[in-house]
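Novice: Input structure: model.txt, which contains compact mmCIF, C-alpha atoms.
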# COMPACT_ATOMS: atom_id res chain seq x y z
CA MET A 1 -85.88 -167.91 -88.53
CA ASP A 2 -88.61 -165.96 -86.72
CA ILE A 3 -88.50 -168.35 -83.77
CA LYS A 4 -84.71 -167.91 -83.25
CA LEU A 5 -84.99 -164.14 -83.44
CA HIS A 6 -87.77 -164.13 -80.86
CA GLN A 7 -85.70 -166.30 -78.47
CA HIS A 8 -82.69 -163.98 -78.86
CA LEU A 9 -84.68 -160.87 -78.08
CA ALA A 10 -86.35 -162.55 -75.12
CA SER A 11 -83.04 -163.53 -73.53
CA PRO A 12 -81.83 -161.22 -70.72
CA ALA A 13 -79.17 -158.64 -71.68
CA ILE A 14 -77.30 -159.20 -68.40
CA ARG A 15 -76.74 -162.63 -66.92
CA LEU A 16 -77.10 -162.52 -63.14
CA HIS A 17 -75.63 -164.78 -60.51
CA PRO A 18 -77.75 -167.88 -59.96
CA SER A 19 -78.56 -166.72 -56.43
CA VAL A 20 -80.21 -163.56 -57.75
CA PRO A 21 -83.80 -164.11 -58.92
CA MET A 22 -84.44 -163.78 -62.60
CA ASN A 23 -85.66 -160.42 -63.91
CA THR A 24 -84.20 -158.62 -60.82
CA THR A 25 -82.05 -155.53 -61.34
CA THR A 26 -80.14 -153.76 -58.48
CA TYR A 27 -79.62 -150.00 -58.58
CA ALA A 28 -77.46 -147.68 -56.38
CA ILE A 29 -79.76 -144.76 -55.72
CA THR A 30 -78.41 -141.55 -54.18
CA SER A 31 -81.19 -139.86 -52.28
CA LEU A 32 -81.22 -136.10 -52.76
CA PRO A 33 -82.36 -133.82 -49.91
CA THR A 34 -85.98 -132.96 -50.13
CA SER A 35 -87.62 -129.83 -48.83
CA GLU A 36 -89.10 -131.83 -45.95
CA SER A 37 -85.73 -133.26 -44.78
CA PHE A 38 -84.10 -129.84 -45.11
CA LEU A 39 -86.77 -128.21 -42.98
CA SER A 40 -86.59 -130.98 -40.38
CA SER A 41 -82.88 -130.21 -39.74
CA TRP A 42 -83.51 -126.53 -38.94
CA PRO A 43 -84.30 -127.05 -35.21
CA GLY A 44 -80.91 -128.68 -34.66
CA ILE A 45 -79.10 -125.91 -36.53
CA ILE A 46 -80.94 -123.21 -34.58
CA LEU A 47 -80.17 -124.90 -31.24
CA SER A 48 -76.50 -125.23 -32.16
CA VAL A 49 -76.27 -121.54 -33.05
CA ILE A 50 -78.04 -120.52 -29.84
CA GLY A 51 -75.79 -122.79 -27.76
CA ALA A 52 -72.64 -121.38 -29.37
CA ASN A 53 -73.78 -117.82 -28.72
CA ILE A 54 -74.60 -118.57 -25.07
CA ALA A 55 -71.16 -120.17 -24.62
CA LEU A 56 -69.47 -117.08 -26.11
CA ILE A 57 -71.49 -114.75 -23.86
CA LEU A 58 -70.61 -116.77 -20.75
CA LEU A 59 -66.94 -116.83 -21.77
CA TYR A 60 -66.98 -113.06 -22.25
CA ILE A 61 -68.61 -112.51 -18.83
CA ASP A 62 -66.05 -114.79 -17.15
CA TYR A 63 -63.19 -112.97 -18.88
CA GLN A 64 -64.54 -109.60 -17.73
CA PHE A 65 -64.76 -110.96 -14.17
CA PHE A 66 -61.12 -112.06 -14.46
CA LEU A 67 -60.19 -108.49 -15.47
CA SER A 68 -62.29 -107.00 -12.65
CA LEU A 69 -60.09 -108.68 -10.02
CA GLY A 70 -57.39 -106.15 -10.89
CA PRO A 71 -53.73 -106.54 -11.83
CA GLY A 72 -51.83 -109.53 -10.54
CA GLY A 73 -48.97 -111.85 -11.32
CA THR A 74 -50.70 -113.05 -14.51
CA PRO A 75 -51.07 -110.67 -17.48
CA SER A 76 -54.59 -109.25 -17.88
CA THR A 77 -54.82 -110.64 -21.42
CA PRO A 78 -56.63 -113.50 -23.16
CA TYR A 79 -53.41 -115.52 -22.89
CA GLY A 80 -53.23 -114.90 -19.15
CA TYR A 81 -56.90 -115.81 -18.80
CA ALA A 82 -56.43 -119.07 -20.71
CA LYS A 83 -53.41 -119.96 -18.56
CA ILE A 84 -55.39 -119.42 -15.35
CA LYS A 85 -58.35 -121.46 -16.62
CA LEU A 86 -56.00 -124.38 -17.28
CA LEU A 87 -54.42 -124.08 -13.82
CA SER A 88 -57.87 -123.94 -12.24
CA LEU A 89 -58.40 -127.55 -13.31
CA LEU A 90 -55.63 -128.54 -10.87
CA ALA A 91 -56.24 -125.92 -8.18
CA LEU A 92 -56.99 -126.60 -4.53
CA ARG A 93 -60.72 -127.24 -4.08
CA GLU A 94 -60.75 -126.78 -0.30
CA PRO A 95 -58.84 -123.57 0.57
CA LEU A 96 -59.56 -124.09 4.29
CA ARG A 97 -58.08 -127.58 4.43
CA PRO A 98 -55.45 -127.59 7.23
CA TYR A 99 -51.81 -128.30 6.53
CA PRO A 100 -50.37 -131.53 7.97
CA ARG A 101 -49.23 -131.18 11.56
CA SER A 102 -45.69 -129.83 11.78
CA PRO A 103 -43.12 -131.34 14.18
CA THR A 104 -41.96 -127.80 15.05
CA PRO A 105 -44.10 -125.07 16.63
CA GLY A 106 -45.00 -121.86 14.81
CA TYR A 107 -44.57 -118.25 15.80
CA LEU A 108 -48.13 -117.55 16.92
CA THR A 109 -49.47 -118.94 20.17
CA SER A 110 -53.02 -117.62 19.77
CA LEU A 111 -55.19 -115.30 17.71
CA PRO A 112 -58.59 -113.82 18.50
CA PRO A 113 -61.44 -115.11 16.32
CA ARG A 114 -62.48 -112.87 13.46
CA THR A 115 -65.95 -111.59 14.33
CA ARG A 116 -67.33 -111.39 10.78
CA PRO A 117 -68.14 -114.07 8.21
CA ARG A 118 -65.40 -114.84 5.75
CA PRO A 119 -65.37 -112.67 2.62
CA LYS A 120 -66.02 -114.18 -0.78
CA VAL A 121 -62.73 -114.90 -2.54
CA ALA A 122 -62.20 -115.59 -6.24
CA GLY A 123 -59.47 -116.17 -8.79
CA ILE A 124 -55.98 -117.68 -8.80
CA ALA A 125 -53.74 -114.96 -10.20
CA PRO A 126 -55.07 -112.50 -9.38
CA HIS A 127 -56.49 -114.05 -6.19
CA ARG A 128 -58.73 -111.45 -4.53
CA GLN A 129 -61.58 -110.71 -2.18
CA VAL A 130 -64.76 -109.68 -3.94
CA THR A 131 -66.61 -108.71 -0.75
CA GLN A 132 -65.53 -106.80 2.41
CA ARG A 133 -62.93 -104.86 0.45
CA ALA A 134 -60.81 -102.24 2.18
CA THR A 135 -61.04 -98.53 1.49
CA ARG A 136 -58.01 -96.64 0.19
CA LYS A 137 -57.39 -95.29 3.69
CA GLN A 138 -57.44 -98.80 5.18
CA TYR A 139 -55.07 -100.03 2.47
CA ASP A 140 -52.67 -97.16 3.23
CA GLU A 141 -52.73 -98.17 6.90
CA LEU A 142 -51.76 -101.70 5.90
CA LEU A 143 -48.87 -100.32 3.85
CA LYS A 144 -47.62 -98.42 6.91
CA VAL A 145 -47.57 -101.66 8.91
CA ILE A 146 -45.58 -103.43 6.17
CA GLU A 147 -43.20 -100.49 5.84
CA THR A 148 -42.65 -100.30 9.60
CA ILE A 149 -41.74 -103.98 9.85
CA GLY A 150 -39.44 -103.67 6.83
CA SER A 151 -37.70 -100.51 7.99
CA THR A 152 -37.09 -101.50 11.62
CA ASN A 153 -35.18 -104.70 10.84
CA ALA A 154 -31.87 -104.69 8.98
CA ARG A 155 -32.53 -108.23 7.73
CA LEU A 156 -35.70 -107.18 5.93
CA ALA A 157 -36.25 -105.09 2.81
CA LEU A 158 -39.04 -103.35 0.93
CA ASN A 159 -39.52 -103.49 -2.83
CA THR A 160 -42.11 -104.12 -5.50
CA SER A 161 -43.62 -107.57 -5.07
CA CYS A 162 -41.87 -110.35 -6.95
CA PHE A 163 -45.13 -112.32 -7.14
CA GLU A 164 -47.41 -109.46 -8.19
CA HIS A 165 -44.97 -107.07 -9.96
CA HIS A 166 -46.93 -103.97 -8.97
CA SER A 167 -47.64 -103.74 -5.21
CA LEU A 168 -45.45 -103.25 -2.15
CA GLY A 169 -43.68 -106.36 -0.89
CA LEU A 170 -41.76 -107.29 2.24
CA PHE A 171 -38.59 -109.33 1.64
CA ALA A 172 -36.01 -111.28 3.61
CA CYS A 173 -32.42 -110.39 2.71
CA ASP A 174 -31.18 -113.91 3.60
CA PRO A 175 -34.23 -116.20 3.41
CA VAL A 176 -34.14 -119.75 4.73
CA ILE A 177 -37.46 -120.58 3.04
CA HIS A 178 -37.50 -120.60 -0.76
CA THR A 179 -39.88 -117.94 -2.09
CA CYS A 180 -39.79 -115.50 -5.01
CA ARG A 181 -36.54 -113.60 -4.27
CA GLY A 182 -37.18 -114.06 -0.56
CA GLU A 183 -40.58 -112.37 -0.57
CA ILE A 184 -42.41 -112.61 2.75
CA ALA A 185 -45.66 -110.80 1.97
CA HIS A 186 -47.33 -108.25 -0.30
CA ALA A 187 -50.52 -106.20 -0.17
CA HIS A 188 -53.20 -105.82 -2.85
CA PRO A 189 -54.41 -102.27 -3.61
CA SER A 190 -57.58 -103.53 -5.33
CA ASP A 191 -59.09 -105.12 -2.19
CA GLY A 192 -56.72 -104.52 0.74
CA SER A 193 -55.96 -108.21 1.29
CA MET A 194 -52.48 -109.66 1.60
CA HIS A 195 -50.56 -112.74 0.54
CA THR A 196 -47.93 -114.06 2.89
CA VAL A 197 -45.83 -117.17 3.52
CA LEU A 198 -46.48 -118.87 6.86
CA HIS A 199 -45.30 -121.81 8.94
CA PRO A 200 -47.87 -124.66 8.69
CA ALA A 201 -48.90 -124.28 12.34
CA ASP A 202 -49.40 -120.52 11.94
CA ALA A 203 -51.30 -121.01 8.67
CA ASN A 204 -53.64 -123.48 10.37
CA LEU A 205 -54.26 -121.05 13.23
CA VAL A 206 -55.00 -118.21 10.80
CA MET A 207 -57.55 -120.40 9.00
CA ALA A 208 -59.11 -121.75 12.19
CA MET A 209 -59.67 -118.24 13.59
CA GLY A 210 -61.17 -116.98 10.32
CA TRP A 211 -58.40 -114.59 9.26
CA GLY A 212 -57.42 -116.14 5.96
CA GLU A 213 -57.22 -119.13 3.63
CA ARG A 214 -54.79 -121.01 1.42
CA HIS A 215 -53.96 -119.86 -2.07
CA PRO A 216 -55.48 -122.23 -4.67
CA LEU A 217 -52.00 -123.29 -5.84
CA ALA A 218 -50.50 -123.71 -2.34
CA LYS A 219 -50.37 -127.50 -2.66
CA GLY A 220 -46.63 -128.12 -2.49
CA GLY A 221 -44.75 -130.46 -4.81
CA TRP A 222 -44.87 -129.44 -8.47
CA PHE A 223 -46.90 -126.34 -7.57
CA ARG A 224 -43.94 -124.80 -5.74
CA ARG A 225 -42.87 -123.39 -9.09
CA PHE A 226 -45.82 -121.00 -8.75
CA VAL A 227 -46.13 -120.25 -5.01
CA PRO A 228 -44.63 -121.65 -1.78
CA GLU A 229 -46.61 -124.34 -0.01
CA GLY A 230 -47.44 -122.02 2.90
CA PHE A 231 -48.76 -119.24 0.63
CA MET A 232 -51.78 -117.73 2.39
CA MET A 233 -54.31 -114.99 1.77
CA VAL A 234 -54.92 -112.82 4.83
CA TYR A 235 -58.24 -111.02 4.56
CA ALA A 236 -58.30 -107.23 4.33
CA PRO A 237 -58.25 -105.61 7.80
CA THR A 238 -61.30 -103.35 7.78
CA GLY A 239 -62.73 -103.75 11.29
CA LYS A 240 -61.67 -102.43 14.66
CA GLY A 241 -58.55 -104.14 16.00
CA GLU A 242 -58.01 -106.17 12.83
CA MET A 243 -54.86 -104.31 11.79
CA GLU A 244 -53.11 -105.42 14.99
CA VAL A 245 -53.88 -109.07 14.16
CA VAL A 246 -52.54 -108.61 10.63
CA ARG A 247 -49.34 -107.12 12.10
CA GLU A 248 -48.87 -110.26 14.22
CA VAL A 249 -49.38 -112.45 11.17
CA LEU A 250 -46.79 -110.40 9.26
CA GLU A 251 -44.30 -110.87 12.08
CA ALA A 252 -44.97 -114.61 11.98
CA ALA A 253 -44.26 -114.64 8.24
CA ALA A 254 -41.03 -112.66 8.68
CA TRP A 255 -39.91 -115.06 11.41
CA PHE A 256 -40.63 -118.09 9.20
CA VAL A 257 -38.93 -116.88 6.02
CA THR A 258 -35.88 -115.36 7.75
CA GLY A 259 -35.41 -118.15 10.29
CA ARG A 260 -34.62 -115.57 12.96
CA ALA A 261 -35.57 -115.49 16.64
CA LYS A 262 -38.98 -114.10 17.57
CA GLU A 263 -37.56 -111.03 19.27
CA GLU A 264 -35.66 -110.14 16.07
CA VAL A 265 -38.83 -109.70 13.99
CA ALA A 266 -41.26 -108.35 16.58
CA VAL A 267 -42.25 -104.69 16.24
CA THR A 268 -43.12 -102.72 19.38
CA GLY A 269 -45.97 -100.28 19.70
CA GLU A 270 -43.44 -97.47 20.12
CA GLN A 271 -41.85 -98.33 16.78
CA MET A 272 -45.27 -98.36 15.11
CA ALA A 273 -46.14 -94.95 16.52
CA GLN A 274 -42.76 -93.49 15.58
CA ASP A 275 -42.85 -94.78 12.02
CA GLY A 276 -46.46 -93.74 11.56
CA GLY A 277 -45.38 -90.10 11.53
CA ASN A 278 -42.92 -90.58 8.69
CA GLU A 279 -43.88 -90.05 5.07
CA ARG A 280 -42.86 -93.07 3.01
CA ALA A 281 -43.42 -94.22 -0.54
CA SER A 282 -45.98 -97.00 -0.97
CA GLY A 283 -43.88 -98.87 -3.52
CA ILE A 284 -40.58 -98.99 -5.40
CA ASP A 285 -40.40 -98.97 -9.17
CA ASP A 286 -37.17 -100.94 -9.52
CA ASP A 287 -38.11 -104.62 -9.99
CA ASP A 288 -34.54 -105.86 -10.44
CA ALA A 289 -32.90 -105.30 -7.07
CA LEU A 290 -33.91 -105.27 -3.42
CA VAL A 291 -33.52 -102.05 -1.51
CA VAL A 292 -32.14 -102.96 1.91
CA LEU A 293 -33.36 -100.57 4.58
Could you write out this file's structure as structure tokens?

Specialist:
Amino acid sequence: MDIKLHQHLASPAIRLHPSVPMNTTTYAITSLPTSESFLSSWPGIILSVIGANIALILLYIDYQFFLSLGPGGTPSTPYGYAKIKLLSLLALREPLRPYPRSPTPGYLTSLPPRTRPRPKVAGIAPHRQVTQRATRKQYDELLKVIETIGSTNARLALNTSCFEHHSLGLFACDPVIHTCRGEIAHAHPSDGSMHTVLHPADANLVMAMGWGERHPLAKGGWFRRFVPEGFMMVYAPTGKGEMEVVREVLEAAAWFVTGRAKEEVAVTGEQMAQDGGNERASGIDDDDALVVL
């Protein structure tokens, strides 16, 4: 009796698979965090927090720079900023890349070289100079040139820019080139530069002589929904004789968008002098209709 009881007590309570050695028990142990493992993770947490804060600071600085470019075609809001950052992923990386050679000649036969280095340009919408900016007086002189060209040709009109929604624009009443409501050009009060639509040959000459560069979205194709392919920035005229060059470029743009003969868009020195004595508004508040002058 004692022997049988001893054998029963000595037998294992759980019978294991034959492949498992006798007297072996397997446990599932959940390791709890110790003070040492918790402390060892602190460097990673601290670096993550620092990295997130640096990213937020850089984002804030970039957003403030976007606002500093002034008003433009894109709302000066976080939504507008996000939209521009997405478009920047597809934007033109080489704004001085020439357009393909055109089978037809442009309006301009020659331009003098710009004597100064190119200004620094930033942004997409707004797209502005951040160096060599014009003074208010120089900007007003540019407005007079735009107004003179618009008021001395019955096929041209002046109104608030369709692209920018806030500055003075020059328009074609019957455009042959598709732009925003026939807009030919507009000036920027924040820096004195100008956007205009040019024939490929004229655009290449403007770039070659140092007077301007392509807009980052002037790539043609799908991007025509934003700006025409020949959309160019012309740098702010701030030096001696530069306003006369800008006037020639404006005439070239008017010729291209209207499809008229050169003599129909050219402005004489007499017309410039005569119009310079007239007091004119620098913009029109009505965004819905062109005012034909």

Novice: Would you mind reading off the distance between atom CA of A:Glu248 and atom CA of A:Arg155, one decimal, in Å?

Specialist: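 Atom CA of A:Arg155 lies at a distance of 17.7 Å from atom CA of A:Glu248.
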
Novice: Considering all atoms listed in the file, state which residue in the set A:Gln132, A:Ser161, A:Thr179, A:Asn204 is at the smallest distance from A:Glu229.

Specialist: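 Residue with the minimum atom-to-atom distance to A:Glu229: A:Thr179.
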
Novice: Report, in Å to a single decimal, how far apart atom CA of A:Ile84 and atom CA of A:Leu59 are.

Specialist: 13.5 Å

Novice: Calculated over all atoms listed in the file, which of the candidates A:Ala125, A:Leu86, A:Leu158, A:Ile45 has the smallest distance to A:Leu67?

Specialist: A:Ala125

Novice: Quick check, in Å to one decimal: how far apart do atom CA of A:Pro200 and atom CA of A:Gly221 lie?

Specialist: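 Between atom CA of A:Pro200 and atom CA of A:Gly221 the gap works out to 15.0 Å.
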
Novice: In terms of the shortest atom-to-atom distance over all atoms listed in the file, which of A:Met194, A:Val49, A:Ile149, A:Ile184 is closest to A:Glu264?

Specialist: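 Of A:Met194, A:Val49, A:Ile149, A:Ile184, the one nearest A:Glu264, counting all atoms listed in the file, is A:Ile149.
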
Novice: Name the closest residue to A:Ala154 among the candidates A:Val176, A:Phe171, A:Trp42, A:Thr238; distances are taken between atoms, counting all atoms listed in the file.

Specialist: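 The closest residue to A:Ala154 is A:Phe171.
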
Novice: Which one of A:Leu156, A:Leu168, A:Trp211, A:Leu56 sits closest to A:Lys144 if you count only C-alpha atoms?

Specialist: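 So, comparing all the options, the nearest one is A:Leu168.
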
Novice: Using only C-alpha atoms, can you tell me which of A:Gly72, A:Arg101, A:Ile124, A:Cys173 comes closest to A:Ala187?

Specialist: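 Counting only C-alpha atoms, the residue closest to A:Ala187 is A:Gly72.
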
Novice: Could you list, as a ChimeraX atom specification, every residue within 9 Å of A:Leu108, counting all atoms listed in the file and ignoring same-chain residues fewer than 5 positions away?

Specialist: /A:201-202,205,248-249,252

Novice: Excluding A:Cys162 and residues on its chain fewer than 2 positions from it, collect all residues at most 10 Å away from it, counting all atoms listed in the file, and give them as number ranges by chain.

Specialist: A: 73, 159-160, 164-171, 179-186, 287-288

Novice: Distance cut-off 10 Å, centre (-51.3, -106.4, 2.9) in file coordinates, counting only C-alpha atoms: which residues qualify? Return them as a PyMOL selection string.

Specialist: chain A and resi 139-146+167-170+185-189+191-196+233-237+243+246-247+250

Novice: Padding of 6 Å on every side, edges along x, y and z, all listed atoms of stretch 47-63 of chain A included: what centre and edge lengths in Å, to one decimal, does that box have, as JSON?

Specialist:
{"center_x": -71.7, "center_y": -118.9, "center_z": -25.1, "size_x": 29.0, "size_y": 24.7, "size_z": 27.9}

Novice: Excluding stretch 127-130 of chain A and residues on its chain fewer than 5 positions from it, collect all residues at most 7 Å away from it, counting only C-alpha atoms, and give them as a PDB file with C-alpha atoms, in the frame of the given file.

Specialist:
ATOM      1  CA  LEU A  69     -60.090-108.680 -10.020  1.00  0.00           C
ATOM      2  CA  PRO A 119     -65.370-112.670   2.620  1.00  0.00           C
ATOM      3  CA  LYS A 120     -66.020-114.180  -0.780  1.00  0.00           C
ATOM      4  CA  VAL A 121     -62.730-114.900  -2.540  1.00  0.00           C
ATOM      5  CA  ALA A 122     -62.200-115.590  -6.240  1.00  0.00           C
ATOM      6  CA  ASP A 191     -59.090-105.120  -2.190  1.00  0.00           C
TER       7      ASP A 191
END
